[in-house]
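Structure first, commentary second.
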Amino acid sequence: MSENVNSSNCSSDCSSCGASCPSRSAPQSLLEPQNEKSNVRNVIAVVSGKGGVGKSLVTGLLTAAVAKRGKTTAVLDADITGPSIPKIFGVDNCVAGAVENNILPTVTDAGTKIVSLNLMLQDVTEPVVWRGPVISGVIKQFWHDTIWGDVDYMFVDMPPGTGDVPLTVFQSLPVKGIVIVTSPQELVGMIVAKAVNMAKMMHVPVIGIVENMSYFECPDCGARHDIFGQSHLDETAMEFHIHHTARLPIDPGIAKACDAGQVEALDGGWLDAMADSIIKMGEQ
């Protein structure tokens with residue numbers, strides 16, 4: 001039978017101890033500490049239940065929108081095996097360097113700080129064939145080994161799904177809220193449910209849903225066409241009690257700007273209300 005142990009007699013080796021003490025029963029935080037030269041005040045994760053719906057685009061647009069409101073911003077690219085952030089922000093050089101084994105992020109022309117594995121590879125087409133625990137370790141390093149400095153809002157571009165990396169981010173970083181990215185297909189309702197339920201399990205609030213590829217607006221007549229079917233965004237948001245929604249169009253201009261590394265120059269106003277909601281949440 002286990003016994004209580006006096007702290008003065010504790011060996012700190014729980015593996016060889018059968019005693020019952022508060023350190024065993026109390027929930028243990030898995031949060032990774034920030035770098036001592038970092039002060040990141042708000043962490044927002046951009047997630048999706050499936051790939052190819054435009055998480056990186058939404059991350060870029062939200063970051064730019066928040067930065068245009070006078071806030072300091074950063075992006076931690078957690079999509080280790082499929083990073084798109086350096087491309088859309090137009091940073092193809094390596095990270096700024098290292099100081100005393102700490103990483104210095106690359107800074108975009110607009111002042112956003114970025115860390116991505118693609119900025120550390122000599123050949124960006126080289127595949128990253130790593131197992132989950134290794135990838136999770138890299139995410140933690142990006143958080144606590146990077147000198148982020150003062151950052152009002154950090155956006156984390158997540159890989160799709162609910163596997164190792166999303167779990168690592170939710171447990172290791174002080175995520176204040178998530179933005180879910182989706183598309184109009186019927187299947188996405190179920191995919192959104194997975195993301196919402198994971199957020200509930202992690203006790204992280206859902207800030208809003210962004211529906212990408214929502215519609216096409218004819219440049220000649222201005223008529224809107226639902227290329228991928230009728231949107232179910234409002235019904236989905238109501239079902240899960242999510243108050244903030246936004247729609248992104250199918251627009252060749254968006255793709256062209258991202259390919260040119262100019263996501264920060266896009267100014268369609270699509271995510272302005274979402275950015276305001278994020279700032280309001282961060283200032284409460």
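Going by the structure tokens order, chains are called A, B, ..., each with residues numbered from 1, while ligands are numbered from 1 in the order shown.
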Tell me which protein, DNA and RNA residues are within 6 Å of segment 140-155 of chain A, counting only C-alpha atoms, leaving out same-chain ones fewer than 2 positions away, and put them as a PyMOL selection string. chain A and resi 34-35+37-45+71-75+102-104+137-138
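Taking the backbone of this structure through DSSP, the residues of segment 231-276 of chain A that come out as strand (DSSP E or B) are His244, Thr245, Ala246, Arg247, Leu248 and Pro249 of chain A.
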Let's see if you can do this: from backbone DSSP, list all alpha helix (DSSP H) residues in segment 42-257 of chain A, as a ChimeraX atom specification. /A:55-67,85-89,132-144,164-172,187-201,233-239,252-257
Give the answer as one residue: which of A:Val99, A:Leu248, A:Leu121, A:Ala110 has the shortest atom-to-atom distance to Val53 of chain A, using only C-alpha atoms?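 For Val53 of chain A, the nearest of the candidates is A:Leu248.
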Test item: residues at most 7 Å from segment 63-65 of chain A, only C-alpha atoms, excluding those fewer than 4 positions along its chain, as an MDAnalysis selection string: chainID A and resid 59 69 73 155 264 272 275
Between A:Met158, A:Val46, A:Leu61, A:Val179, single out the one closest to Cys258 of chain A, counting only C-alpha atoms.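 Ranking A:Met158, A:Val46, A:Leu61, A:Val179 by distance to Cys258 of chain A, first place goes to A:Leu61.
Look at Ile209 of chain A: the protein and nucleic acid residues within 10 Å of it, using only C-alpha atoms and passing over chain neighbours fewer than 6 places away, are Val46, Val47, Ser48, Ile178, Val179, Ile180, Val181, Thr182, Ser183, Val192, Leu233, Asp234, Thr236, Ala237, Ile242, His243, His244, Thr245, Ala246, Arg247 and Met274 of chain A.
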